[in-house]
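Asker: So here's entry.tsv, just TSV, C-alpha atoms and all ligand atoms:
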```
chain	number	residue	atom	x	y	z
F	1	MET	CA	40.11	-18.94	-27.67
F	2	LEU	CA	37.79	-16.75	-25.67
F	3	LYS	CA	35.12	-19.43	-25.35
F	4	ASP	CA	37.62	-21.93	-23.89
F	5	GLU	CA	39.15	-19.32	-21.65
F	6	GLU	CA	35.89	-18.14	-20.15
F	7	LYS	CA	35.11	-21.52	-18.60
F	8	HIS	CA	38.25	-21.24	-16.48
F	9	PHE	CA	37.48	-17.79	-15.14
F	10	ILE	CA	33.71	-17.28	-15.02
F	11	ILE	CA	31.60	-19.11	-12.47
F	12	ASN	CA	29.44	-21.55	-14.37
F	13	THR	CA	25.98	-20.17	-13.62
F	14	TYR	CA	24.86	-19.63	-17.21
F	15	ASN	CA	25.76	-23.00	-18.73
F	16	ARG	CA	27.24	-21.46	-21.86
F	17	GLN	CA	28.02	-24.04	-24.51
F	18	PRO	CA	30.94	-23.45	-26.90
F	19	ASP	CA	29.20	-25.20	-29.79
F	20	PHE	CA	26.00	-23.18	-29.41
F	21	THR	CA	26.37	-20.05	-27.28
F	22	LEU	CA	27.18	-17.07	-29.46
F	23	LEU	CA	29.85	-14.49	-28.98
F	24	ILE	CA	28.09	-11.33	-30.10
F	25	THR	CA	30.50	-8.60	-31.15
F	26	ARG	CA	28.15	-5.86	-32.31
F	27	GLY	CA	24.56	-4.96	-33.01
F	28	LYS	CA	22.51	-2.45	-34.97
F	29	GLY	CA	18.75	-2.18	-34.71
F	30	THR	CA	17.26	-5.68	-34.67
F	31	LEU	CA	20.48	-7.27	-35.96
F	32	VAL	CA	23.49	-8.63	-34.11
F	33	TRP	CA	26.69	-10.12	-35.52
F	34	ASP	CA	28.88	-12.89	-34.13
F	35	GLU	CA	32.70	-12.98	-34.24
F	36	ASN	CA	32.61	-14.58	-37.69
F	37	GLY	CA	30.54	-11.76	-39.10
F	38	LYS	CA	27.36	-13.83	-39.35
F	39	ALA	CA	24.19	-11.76	-38.81
F	40	TYR	CA	21.19	-12.72	-36.70
F	41	LEU	CA	17.74	-11.23	-36.15
F	42	ASP	CA	17.69	-10.62	-32.42
F	43	PHE	CA	14.28	-11.63	-31.03
F	44	VAL	CA	15.77	-12.26	-27.58
F	45	GLY	CA	16.53	-8.57	-27.24
F	46	GLY	CA	18.84	-8.97	-24.27
F	47	LEU	CA	15.89	-10.60	-22.49
F	48	ALA	CA	13.46	-7.73	-22.98
F	49	VAL	CA	16.16	-5.11	-22.32
F	50	ASN	CA	17.00	-3.76	-25.78
F	51	ALA	CA	13.61	-2.13	-26.33
F	52	LEU	CA	14.92	0.15	-29.07
F	53	GLY	CA	17.26	-2.40	-30.58
F	54	HIS	CA	21.03	-2.10	-30.64
F	55	ALA	CA	23.10	1.06	-31.08
F	56	CYS	CA	20.05	3.33	-30.97
F	57	PRO	CA	21.35	6.86	-31.72
F	58	PRO	CA	19.22	8.84	-29.21
F	59	VAL	CA	20.24	6.46	-26.40
F	60	ILE	CA	23.91	6.59	-27.37
F	61	ASN	CA	23.85	10.38	-27.62
F	62	ALA	CA	22.11	10.85	-24.29
F	63	ALA	CA	24.55	8.52	-22.53
F	64	TRP	CA	27.59	10.04	-24.25
F	65	GLU	CA	26.58	13.59	-23.40
F	66	GLN	CA	26.03	12.64	-19.78
F	67	MET	CA	29.33	10.74	-19.60
F	68	ASN	CA	31.13	13.87	-20.66
F	69	LYS	CA	29.43	15.82	-17.88
F	70	VAL	CA	29.65	13.39	-14.97
F	71	ILE	CA	29.37	9.58	-14.77
F	72	HIS	CA	28.63	9.15	-11.09
F	73	THR	CA	28.06	11.42	-8.12
F	74	SER	CA	26.42	9.22	-5.40
F	75	ASN	CA	23.06	9.89	-3.86
F	76	LEU	CA	24.53	12.34	-1.38
F	77	TYR	CA	23.89	14.95	-4.08
F	78	TYR	CA	21.05	16.16	-6.26
F	79	SER	CA	20.95	14.67	-9.74
F	80	GLU	CA	19.42	16.33	-12.77
F	81	PRO	CA	19.06	13.13	-14.87
F	82	GLN	CA	17.28	11.44	-11.95
F	83	VAL	CA	14.76	14.24	-11.57
F	84	LYS	CA	14.09	14.44	-15.31
F	85	LEU	CA	13.46	10.70	-15.52
F	86	ALA	CA	11.41	10.52	-12.32
F	87	LYS	CA	9.21	13.41	-13.47
F	88	CYS	CA	8.66	11.70	-16.82
F	89	LEU	CA	7.73	8.39	-15.15
F	90	VAL	CA	5.36	10.09	-12.73
F	91	GLU	CA	3.69	12.22	-15.39
F	92	ASN	CA	3.01	9.13	-17.46
F	93	SER	CA	1.86	6.72	-14.75
F	94	ALA	CA	-0.48	6.30	-11.82
F	95	ALA	CA	2.48	6.76	-9.48
F	96	ASP	CA	3.61	9.89	-7.64
F	97	ARG	CA	7.15	9.04	-6.64
F	98	VAL	CA	10.14	6.98	-7.73
F	99	PHE	CA	13.06	5.18	-6.11
F	100	PHE	CA	15.92	4.29	-8.46
F	101	CYS	CA	18.07	1.18	-8.26
F	102	ASN	CA	19.99	-0.98	-10.73
F	103	SER	CA	18.00	-4.11	-11.51
F	104	GLY	CA	14.65	-5.83	-11.42
F	105	ALA	CA	15.44	-7.80	-8.29
F	106	GLU	CA	16.46	-4.61	-6.50
F	107	ALA	CA	13.29	-2.83	-7.57
F	108	ASN	CA	11.29	-5.73	-6.13
F	109	GLU	CA	13.39	-5.72	-2.95
F	110	ALA	CA	12.52	-2.04	-2.56
F	111	ALA	CA	8.85	-2.84	-3.14
F	112	ILE	CA	8.88	-5.64	-0.56
F	113	LYS	CA	10.65	-3.46	2.02
F	114	LEU	CA	8.30	-0.55	1.39
F	115	ALA	CA	5.19	-2.75	1.61
F	116	ARG	CA	6.32	-4.08	4.99
F	117	LYS	CA	7.42	-0.72	6.37
F	118	PHE	CA	4.29	1.09	5.23
F	119	SER	CA	1.97	-1.62	6.55
F	120	LYS	CA	3.69	-1.96	9.92
F	121	LEU	CA	3.56	1.79	10.33
F	122	HIS	CA	-0.12	2.16	9.48
F	123	LEU	CA	-1.70	-1.19	10.23
F	124	GLY	CA	0.43	-2.83	12.92
F	125	ALA	CA	3.61	-4.83	13.42
F	126	ALA	CA	1.98	-8.13	12.41
F	127	LYS	CA	1.46	-7.00	8.82
F	128	ILE	CA	4.37	-8.59	6.99
F	129	GLU	CA	3.17	-11.25	4.59
F	130	ILE	CA	3.08	-10.92	0.83
F	131	ILE	CA	1.11	-13.24	-1.42
F	132	THR	CA	2.69	-13.91	-4.80
F	133	ALA	CA	1.76	-16.15	-7.72
F	134	LEU	CA	2.95	-19.65	-8.44
F	135	ASN	CA	5.08	-19.77	-11.56
F	136	SER	CA	6.07	-16.13	-11.04
F	137	PHE	CA	9.55	-14.64	-11.33
F	138	HIS	CA	10.70	-11.71	-9.22
F	139	GLY	CA	14.50	-11.95	-9.20
F	140	ARG	CA	17.49	-13.77	-7.69
F	141	THR	CA	18.19	-12.08	-4.37
F	142	LEU	CA	17.14	-14.03	-1.28
F	143	ALA	CA	13.91	-12.10	-0.77
F	144	THR	CA	13.02	-12.15	-4.46
F	145	ILE	CA	13.69	-15.89	-4.94
F	146	THR	CA	11.38	-16.35	-1.99
F	147	ALA	CA	8.80	-14.12	-3.66
F	148	THR	CA	9.28	-16.16	-6.84
F	149	GLY	CA	6.73	-18.96	-6.83
F	150	GLN	CA	9.01	-21.60	-8.35
F	151	GLU	CA	10.95	-24.06	-6.22
F	152	LYS	CA	13.74	-24.51	-8.74
F	153	PHE	CA	15.00	-20.99	-7.98
F	154	GLN	CA	14.89	-21.56	-4.20
F	155	LYS	CA	16.41	-25.00	-3.84
F	156	GLY	CA	19.69	-25.05	-1.93
F	157	PHE	CA	19.43	-21.46	-0.69
F	158	GLU	CA	17.30	-22.12	2.39
F	159	PRO	CA	16.58	-20.67	4.88
F	160	LEU	CA	14.40	-18.48	2.71
F	161	VAL	CA	13.06	-15.11	3.82
F	162	PRO	CA	9.93	-15.53	5.95
F	163	GLY	CA	6.68	-13.85	5.04
F	164	PHE	CA	5.66	-15.14	1.63
F	165	ARG	CA	2.71	-17.25	0.52
F	166	TYR	CA	1.78	-18.47	-2.91
F	167	ALA	CA	-1.45	-18.64	-4.84
F	168	ARG	CA	-2.41	-19.77	-8.33
F	169	PHE	CA	-2.04	-17.13	-11.08
F	170	ASN	CA	-5.36	-16.07	-12.63
F	171	ASP	CA	-7.23	-17.69	-9.73
F	172	LEU	CA	-8.78	-15.09	-7.46
F	173	ASP	CA	-10.17	-17.67	-5.01
F	174	SER	CA	-6.70	-19.08	-4.56
F	175	PHE	CA	-5.38	-15.61	-3.59
F	176	GLN	CA	-8.35	-15.04	-1.29
F	177	SER	CA	-7.70	-18.36	0.47
F	178	GLN	CA	-4.12	-17.30	1.33
F	179	LEU	CA	-5.25	-14.07	3.02
F	180	ASN	CA	-4.78	-13.81	6.77
F	181	ASP	CA	-4.24	-11.21	9.48
F	182	SER	CA	-0.55	-10.85	8.60
F	183	THR	CA	-1.06	-10.17	4.90
F	184	CYS	CA	0.21	-6.75	3.82
F	185	ALA	CA	0.44	-7.01	0.04
F	186	ILE	CA	-0.18	-8.96	-3.13
F	187	MET	CA	2.52	-8.99	-5.79
F	188	VAL	CA	2.02	-10.23	-9.36
F	189	GLU	CA	3.31	-9.76	-12.88
F	190	PRO	CA	0.50	-8.52	-15.18
F	191	VAL	CA	2.14	-10.74	-17.78
F	192	GLN	CA	4.30	-13.52	-16.37
F	193	GLY	CA	7.53	-13.53	-18.36
F	194	GLU	CA	10.03	-16.10	-17.14
F	195	GLY	CA	7.13	-18.36	-16.13
F	196	GLY	CA	6.20	-18.78	-19.80
F	197	VAL	CA	4.40	-15.64	-21.04
F	198	HIS	CA	1.09	-15.99	-19.23
F	199	VAL	CA	-1.24	-12.98	-19.46
F	200	ALA	CA	-3.28	-12.07	-16.37
F	201	ALA	CA	-7.01	-12.01	-17.10
F	202	ALA	CA	-8.64	-8.59	-16.70
F	203	ASP	CA	-11.16	-9.84	-14.13
F	204	PHE	CA	-8.34	-11.44	-12.14
F	205	LEU	CA	-6.49	-8.12	-11.83
F	206	VAL	CA	-9.71	-6.24	-11.11
F	207	GLY	CA	-10.47	-8.85	-8.46
F	208	LEU	CA	-7.03	-8.49	-6.88
F	209	ARG	CA	-7.53	-4.71	-6.67
F	210	ARG	CA	-10.86	-5.24	-4.93
F	211	LEU	CA	-9.36	-7.81	-2.56
F	212	CYS	CA	-6.62	-5.33	-1.69
F	213	ASP	CA	-9.08	-2.49	-1.15
F	214	GLU	CA	-11.34	-4.59	1.06
F	215	ASN	CA	-8.45	-5.83	3.20
F	216	ARG	CA	-6.21	-2.75	3.21
F	217	LEU	CA	-3.43	-4.47	1.28
F	218	LEU	CA	-0.99	-2.99	-1.18
F	219	LEU	CA	-1.13	-4.17	-4.76
F	220	ILE	CA	2.32	-4.51	-6.29
F	221	PHE	CA	2.73	-5.02	-10.03
F	222	ASP	CA	6.09	-6.37	-11.12
F	223	GLU	CA	6.40	-4.78	-14.56
F	224	VAL	CA	10.13	-5.40	-14.79
F	225	GLN	CA	9.59	-7.35	-18.01
F	226	CYS	CA	6.11	-6.37	-19.23
F	227	GLY	CA	6.45	-2.64	-18.51
F	228	THR	CA	8.15	0.15	-20.48
F	229	GLY	CA	6.06	-0.31	-23.62
F	230	ARG	CA	6.55	-4.06	-24.12
F	231	THR	CA	2.84	-4.89	-24.23
F	232	GLY	CA	1.81	-1.90	-26.35
F	233	LYS	CA	1.09	0.34	-23.36
F	234	LEU	CA	3.76	2.15	-21.37
F	235	PHE	CA	2.63	0.08	-18.36
F	236	ALA	CA	0.86	-3.27	-18.63
F	237	TYR	CA	-1.64	-2.25	-15.92
F	238	GLU	CA	-3.13	0.29	-18.34
F	239	HIS	CA	-4.78	-2.47	-20.38
F	240	ASP	CA	-7.29	-3.24	-17.64
F	241	ALA	CA	-7.33	0.14	-15.87
F	242	VAL	CA	-6.33	-1.52	-12.60
F	243	LEU	CA	-4.17	0.89	-10.63
F	244	PRO	CA	-1.45	-0.72	-8.51
F	245	ASP	CA	0.01	0.94	-5.40
F	246	ILE	CA	3.56	-0.01	-6.31
F	247	ILE	CA	5.06	-0.70	-9.75
F	248	THR	CA	8.52	-2.07	-10.40
F	249	LEU	CA	10.47	-1.51	-13.62
F	250	ALA	CA	13.91	-2.44	-14.91
F	251	LYS	CA	14.88	-4.41	-18.04
F	252	ALA	CA	13.90	-2.14	-20.96
F	253	LEU	CA	13.97	1.10	-18.99
F	254	GLY	CA	17.63	1.94	-19.67
F	255	GLY	CA	17.69	0.73	-23.28
F	256	GLY	CA	20.59	-1.54	-22.29
F	257	PHE	CA	21.99	0.43	-19.36
F	258	PRO	CA	21.38	-1.20	-15.97
F	259	ILE	CA	18.64	0.64	-14.12
F	260	GLY	CA	15.65	-0.32	-12.02
F	261	ALA	CA	12.87	1.77	-10.56
F	262	MET	CA	10.16	1.38	-7.97
F	263	LEU	CA	7.21	3.68	-8.48
F	264	CYS	CA	4.48	4.21	-5.91
F	265	ARG	CA	1.55	6.35	-4.85
F	266	GLU	CA	2.20	9.34	-2.59
F	267	LYS	CA	0.60	7.77	0.46
F	268	VAL	CA	2.68	4.61	0.16
F	269	ALA	CA	5.91	6.56	-0.41
F	270	SER	CA	5.55	8.01	3.09
F	271	GLY	CA	6.41	4.54	4.40
F	272	PHE	CA	10.08	5.27	3.70
F	273	SER	CA	11.92	7.89	5.77
F	274	PRO	CA	15.42	9.21	5.14
F	275	GLY	CA	17.91	6.40	5.76
F	276	ASP	CA	15.38	3.59	5.27
F	277	HIS	CA	16.60	2.54	1.86
F	278	ALA	CA	19.45	3.40	-0.50
F	279	SER	CA	21.63	2.25	-3.34
F	280	THR	CA	25.13	3.49	-4.19
F	281	PHE	CA	24.71	3.14	-7.93
F	282	GLY	CA	20.94	3.64	-7.90
F	283	GLY	CA	19.83	6.32	-10.34
F	284	ASN	CA	23.27	6.55	-11.96
F	285	PRO	CA	23.33	9.71	-14.13
F	286	VAL	CA	24.30	7.90	-17.35
F	287	ALA	CA	21.66	5.20	-16.86
F	288	CYS	CA	19.03	7.84	-16.08
F	289	ALA	CA	19.97	9.94	-19.11
F	290	ALA	CA	19.74	6.85	-21.33
F	291	ALA	CA	16.40	5.88	-19.77
F	292	PHE	CA	15.03	9.37	-20.34
F	293	ALA	CA	15.96	9.04	-24.02
F	294	VAL	CA	14.22	5.64	-24.14
F	295	MET	CA	11.08	7.15	-22.60
F	296	GLN	CA	11.07	10.01	-25.14
F	297	GLU	CA	11.18	7.50	-28.01
F	298	ILE	CA	8.47	5.26	-26.57
F	299	LEU	CA	6.20	8.21	-25.80
F	300	GLN	CA	6.32	9.53	-29.36
F	301	GLU	CA	2.92	9.79	-30.98
F	302	GLY	CA	1.89	6.45	-32.46
F	303	PHE	CA	4.88	4.45	-31.18
F	304	LEU	CA	2.94	2.30	-28.73
F	305	ASP	CA	0.00	1.81	-31.11
F	306	ASP	CA	2.51	0.50	-33.60
F	307	VAL	CA	3.81	-1.97	-30.98
F	308	THR	CA	0.24	-3.19	-30.52
F	309	ASP	CA	-0.34	-3.51	-34.27
F	310	LYS	CA	2.92	-5.36	-34.83
F	311	GLY	CA	2.10	-7.70	-31.95
F	312	ILE	CA	-1.28	-8.52	-33.47
F	313	TYR	CA	0.34	-8.96	-36.89
F	314	PHE	CA	2.98	-11.33	-35.49
F	315	GLN	CA	0.41	-13.39	-33.58
F	316	GLU	CA	-1.83	-13.65	-36.68
F	317	LYS	CA	1.10	-14.94	-38.71
F	318	LEU	CA	1.91	-17.43	-35.94
F	319	ARG	CA	-1.68	-18.68	-36.12
F	320	LEU	CA	-1.27	-19.23	-39.87
F	321	LEU	CA	1.90	-21.19	-39.10
F	322	ASN	CA	-0.06	-23.21	-36.57
F	323	ARG	CA	-2.50	-24.23	-39.30
F	324	LYS	CA	0.33	-25.44	-41.52
F	325	PHE	CA	1.77	-27.60	-38.72
F	326	PRO	CA	-1.19	-29.16	-36.92
F	327	GLY	CA	-0.43	-30.51	-33.46
F	328	VAL	CA	2.96	-28.79	-33.13
F	329	ILE	CA	1.79	-25.69	-31.24
F	330	ILE	CA	-0.27	-25.96	-28.07
F	331	GLU	CA	-0.87	-22.24	-27.54
F	332	ILE	CA	0.09	-18.82	-28.88
F	333	ARG	CA	-0.24	-16.08	-26.28
F	334	GLY	CA	1.03	-12.71	-25.18
F	335	LYS	CA	0.43	-9.01	-25.51
F	336	GLY	CA	2.12	-6.47	-27.74
F	337	LEU	CA	5.63	-7.67	-28.52
F	338	MET	CA	5.85	-10.07	-25.59
F	339	ILE	CA	4.81	-13.30	-27.27
F	340	GLY	CA	5.02	-16.93	-26.22
F	341	VAL	CA	4.53	-19.99	-28.36
F	342	GLU	CA	4.00	-23.13	-26.34
F	343	LEU	CA	5.07	-26.16	-28.34
F	344	LYS	CA	4.13	-29.75	-27.64
F	345	GLU	CA	7.85	-30.65	-27.65
F	346	LYS	CA	11.33	-29.92	-29.07
F	347	GLY	CA	11.60	-26.25	-28.13
F	348	GLN	CA	15.35	-26.50	-27.66
F	349	ALA	CA	15.76	-28.06	-31.10
F	350	VAL	CA	13.71	-25.24	-32.64
F	351	GLN	CA	15.77	-22.64	-30.79
F	352	ARG	CA	19.04	-24.17	-31.99
F	353	LEU	CA	18.00	-24.50	-35.61
F	354	CYS	CA	16.52	-20.98	-35.67
F	355	GLN	CA	19.88	-19.70	-34.48
F	356	GLN	CA	21.71	-21.61	-37.22
F	357	LYS	CA	19.33	-20.03	-39.70
F	358	GLY	CA	19.92	-16.54	-38.29
F	359	LEU	CA	17.13	-15.96	-35.77
F	360	LEU	CA	17.72	-15.63	-32.04
F	361	VAL	CA	14.77	-16.69	-29.92
F	362	ASN	CA	14.62	-17.66	-26.25
F	363	CYS	CA	13.30	-21.03	-25.15
F	364	ILE	CA	11.85	-21.43	-21.65
F	365	GLY	CA	12.18	-25.02	-20.49
F	366	ASP	CA	11.86	-27.29	-23.50
F	367	ARG	CA	8.52	-26.14	-24.80
F	368	ILE	CA	7.93	-22.39	-24.69
F	369	LEU	CA	9.45	-20.07	-27.28
F	370	ARG	CA	9.56	-16.48	-26.09
F	371	PHE	CA	9.76	-13.68	-28.66
F	372	LEU	CA	10.96	-10.29	-27.39
F	373	PRO	CA	11.98	-8.28	-30.46
F	374	PRO	CA	12.85	-4.61	-30.16
F	375	LEU	CA	9.73	-2.44	-29.94
F	376	ASN	CA	10.87	-0.61	-33.09
F	377	VAL	CA	11.25	-3.85	-35.08
F	378	SER	CA	10.00	-3.49	-38.67
F	379	ARG	CA	7.23	-5.57	-40.24
F	380	GLU	CA	9.79	-6.85	-42.76
F	381	GLU	CA	11.91	-8.14	-39.88
F	382	LEU	CA	8.86	-9.81	-38.35
F	383	ASP	CA	8.22	-11.50	-41.72
F	384	LEU	CA	11.84	-12.62	-41.97
F	385	ALA	CA	11.69	-14.12	-38.49
F	386	LEU	CA	8.49	-15.97	-39.34
F	387	GLU	CA	10.09	-17.33	-42.50
F	388	VAL	CA	13.00	-18.71	-40.48
F	389	LEU	CA	10.58	-20.18	-37.96
F	390	GLN	CA	8.56	-21.85	-40.72
F	391	ASN	CA	11.67	-23.37	-42.33
F	392	THR	CA	12.77	-24.56	-38.91
F	393	PHE	CA	9.39	-26.16	-38.20
F	394	THR	CA	9.60	-27.98	-41.54
F	395	GLU	CA	12.97	-29.46	-40.61
F	396	VAL	CA	12.18	-30.25	-36.98
F	397	PHE	CA	8.60	-31.46	-37.31
F	398	GLY	CA	8.54	-32.50	-40.99
F	399	GLY	CA	5.80	-32.06	-43.57
F	400	GLU	CA	3.93	-28.82	-44.14
E	501	LIG	C1	13.94	-10.28	-15.10
E	501	LIG	C2	12.89	-10.09	-14.09
E	501	LIG	C3	13.20	-9.75	-12.75
E	501	LIG	C4	14.62	-9.69	-12.25
E	501	LIG	O1	15.34	-8.67	-12.88
E	501	LIG	P1	16.93	-8.59	-12.70
E	501	LIG	O2	17.29	-7.31	-13.36
E	501	LIG	O3	17.50	-9.80	-13.37
E	501	LIG	O4	17.21	-8.60	-11.26
E	501	LIG	C5	12.16	-9.51	-11.88
E	501	LIG	N1	10.88	-9.60	-12.28
E	501	LIG	C6	10.55	-9.93	-13.54
E	501	LIG	C7	9.12	-9.97	-13.93
E	501	LIG	C8	11.54	-10.19	-14.48
E	501	LIG	O5	11.21	-10.55	-15.72
```
Would you kindly transcribe this structure into structure tokens?
Ligand SMILES: *Cc1c(COP(=O)(O)O)cnc(C)c1O

Answerer:
Amino acid sequence: MLKDEEKHFIINTYNRQPDFTLLITRGKGTLVWDENGKAYLDFVGGLAVNALGHACPPVINAAWEQMNKVIHTSNLYYSEPQVKLAKCLVENSAADRVFFCNSGAEANEAAIKLARKFSKLHLGAAKIEIITALNSFHGRTLATITATGQEKFQKGFEPLVPGFRYARFNDLDSFQSQLNDSTCAIMVEPVQGEGGVHVAAADFLVGLRRLCDENRLLLIFDEVQCGTGRTGKLFAYEHDAVLPDIITLAKALGGGFPIGAMLCREKVASGFSPGDHASTFGGNPVACAAAFAVMQEILQEGFLDDVTDKGIYFQEKLRLLNRKFPGVIIEIRGKGLMIGVELKEKGQAVQRLCQQKGLLVNCIGDRILRFLPPLNVSREELDLALEVLQNTFTEVFGGE
């Protein structure tokens, strides 16, 4: 059996469990099917990757067409899909230029390298430190686990990369207190994802921008998870009209194809010269063609407003659920279709039973349920998911 076989051949980093971990064999829209043909509503969405659901025709067509032209060329050559996608990202953001890579961690690596290079060039060799938030998540490479303000991701991999300090999320004074003569940048997620779906307060982000302006620091927004339409805006920074100097994207951008991007303002882009940074697969033509198709869908009139409306709808229904089960939920939070439900306890049990009942939801730690449905999820599917959640609550927590 495949599940038995995999444990002999795959390094055990994901702790898959044969009695619980699914083998998904296909998907369509918000639905996926396991090897027994059982259907599930997918509110994990490939961890915020499958923004348009599974088997989305425009994404498939764009990728297929490009595959028939050329799959890979290397960055020694010009690339039409790269230029089309970069132009689209620039025209719809505060950024002027793009660097393509293959993942969120790589996009953040590029951002960290650029922040250091730019600052050393313009402000002196001592400018190397980046302040990030506690409870953040920026990736799994050495530099990005160091940027990540959670010890559990760092333990055992020391020595870490020098040049990072941590401050409390949503606490401007805490960030201010970490400032020193070596600081070159501040990096935060406008909505912390992996850390438990924590939304940055508007005045916090406005304050960070001011702090950066006053001290000649770069403001980096890691929008790997909260970007690309997830919060009801193409970029999460748009909610509070705080313009970052560098933005990183990945997850949803390729609609399932691996792609990452670092976007930045013109002035900052000049920090990189030819040869300073590169990626063999970065900006792969198929991934870029798929991402361009994703962008066209998301940018359609009304699409993002609908994400906002559905997010509000889902949160309202969750609040009704909260009233039926007093004391079970500690907090409901999020923006758009990036929604967290912090339970008092038993998150894993809820996750397991939801899955049995046909709803896939992610559980962070043992208490935070994270809902990341496709952005084109229907209201009927949201209702169905809520019904499963309610039945699950009844079984796990009793009463009603
Ligand atoms: C997932 C994530 C990353 C890392 O992305 P990978 O593609 O796994 O390297 C970085 N930042 C944030 C905010 C993320 O959610």

Asker: Could you list, as a ChimeraX atom specification, every residue within 6 Å of Gly27 in chain F, counting all atoms listed in the file and ignoring same-chain residues fewer than 4 positions away?

Answerer: /F:31-32,54

Asker: Taking only C-alpha atoms and all ligand atoms into account, which residues are within 10 Å of ligand LIG 501 (chain E), as a count of residues only?

Answerer: 45

Asker: May I ask for the distance between CA of Asp366 in chain F and CA of Val396 in chain F, given in Å to one decimal place?

Answerer: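 Between CA of Asp366 in chain F and CA of Val396 in chain F the gap works out to 13.8 Å.
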
Asker: Please report, as lines of an AutoDock Vina configuration file, the centre and edge lengths in Å to one decimal of an axis-aligned box covering all listed atoms of range 294-311 of chain F with 5 Å per side.

Answerer:
```
center_x = 6.9
center_y = 1.2
center_z = -28.7
size_x = 24.6
size_y = 27.7
size_z = 22.2
```

Asker: Could you tell me how far CA of Leu359 in chain F sits from CA of Asn50 in chain F, in Å to one decimal place?

Answerer: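 Distance between the two atoms: 15.8 Å.
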
Asker: Report, in Å with one decimal, the straight-line distance from CA of Ala62 in chain F to CA of Ala291 in chain F.

Answerer: 8.8 Å

Asker: Write out as JSON, numbers by chain the residues lying within 8 Å of Asp245 in chain F, counting all atoms listed in the file and excluding same-chain residues fewer than 3 positions away.

Answerer: {"F": [95, 218, 219, 220, 264, 265, 268]}

Asker: Near Ala39 in chain F, within 12 Å and counting all atoms listed in the file, which residues show up once chain neighbours fewer than 3 positions away are dropped, as a short mmCIF file (atom, residue, chain, number, x, y, z; two decimals) with C-alpha atoms, in the coordinates of the input?

Answerer:
```cif
data_model
loop_
_atom_site.label_atom_id
_atom_site.label_comp_id
_atom_site.auth_asym_id
_atom_site.auth_seq_id
_atom_site.Cartn_x
_atom_site.Cartn_y
_atom_site.Cartn_z
CA LEU F 22 27.18 -17.07 -29.46
CA LEU F 23 29.85 -14.49 -28.98
CA ILE F 24 28.09 -11.33 -30.10
CA THR F 25 30.50 -8.60 -31.15
CA ARG F 26 28.15 -5.86 -32.31
CA GLY F 27 24.56 -4.96 -33.01
CA LYS F 28 22.51 -2.45 -34.97
CA GLY F 29 18.75 -2.18 -34.71
CA THR F 30 17.26 -5.68 -34.67
CA LEU F 31 20.48 -7.27 -35.96
CA VAL F 32 23.49 -8.63 -34.11
CA TRP F 33 26.69 -10.12 -35.52
CA ASP F 34 28.88 -12.89 -34.13
CA GLU F 35 32.70 -12.98 -34.24
CA ASN F 36 32.61 -14.58 -37.69
CA ASP F 42 17.69 -10.62 -32.42
CA GLN F 355 19.88 -19.70 -34.48
CA GLN F 356 21.71 -21.61 -37.22
CA LYS F 357 19.33 -20.03 -39.70
CA GLY F 358 19.92 -16.54 -38.29
CA LEU F 359 17.13 -15.96 -35.77
CA LEU F 360 17.72 -15.63 -32.04
#
```

Asker: Would you be able to write out as a PyMOL selection string which residues have an atom within 10 Å of (13.9, -18.4, 3.0) in the file's coordinates, counting all atoms listed in the file?

Answerer: chain F and resi 142-147+154-155+157-164

Asker: Mind checking which residues fall within 12 Å of Gln300 in chain F, counting all atoms listed in the file, ignoring those fewer than 6 positions away in the same chain, and posting them as a list in words?

Answerer: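 In the requested format, the answer is Gly229, Leu234, Ala293, Val294, Asp306, Val307 and Asn376 of chain F.
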
Asker: Is there a way to get, as number ranges by chain, all residues within 8 Å of the point (5.8, -22.7, -27.9) in file coordinates, counting only C-alpha atoms?

Answerer: F: 329-332, 340-344, 347, 367-370

Asker: Only C-alpha atoms, please: the residues just picked out, written as an mmCIF file, in the coordinates of the input.

Answerer:
```cif
data_model
loop_
_atom_site.group_PDB
_atom_site.id
_atom_site.type_symbol
_atom_site.label_atom_id
_atom_site.label_comp_id
_atom_site.auth_asym_id
_atom_site.auth_seq_id
_atom_site.Cartn_x
_atom_site.Cartn_y
_atom_site.Cartn_z
ATOM 1 C CA ILE F 329 1.790 -25.690 -31.240
ATOM 2 C CA ILE F 330 -0.270 -25.960 -28.070
ATOM 3 C CA GLU F 331 -0.870 -22.240 -27.540
ATOM 4 C CA ILE F 332 0.090 -18.820 -28.880
ATOM 5 C CA GLY F 340 5.020 -16.930 -26.220
ATOM 6 C CA VAL F 341 4.530 -19.990 -28.360
ATOM 7 C CA GLU F 342 4.000 -23.130 -26.340
ATOM 8 C CA LEU F 343 5.070 -26.160 -28.340
ATOM 9 C CA LYS F 344 4.130 -29.750 -27.640
ATOM 10 C CA GLY F 347 11.600 -26.250 -28.130
ATOM 11 C CA ARG F 367 8.520 -26.140 -24.800
ATOM 12 C CA ILE F 368 7.930 -22.390 -24.690
ATOM 13 C CA LEU F 369 9.450 -20.070 -27.280
ATOM 14 C CA ARG F 370 9.560 -16.480 -26.090
#
```

Asker: For Phe397 in chain F, work out the shell of residues within 9 Å, counting all atoms listed in the file and skipping chain neighbours fewer than 5 positions away, then give it as an NGL selection string.

Answerer: :F and (325 or 328 or 346 or 392)
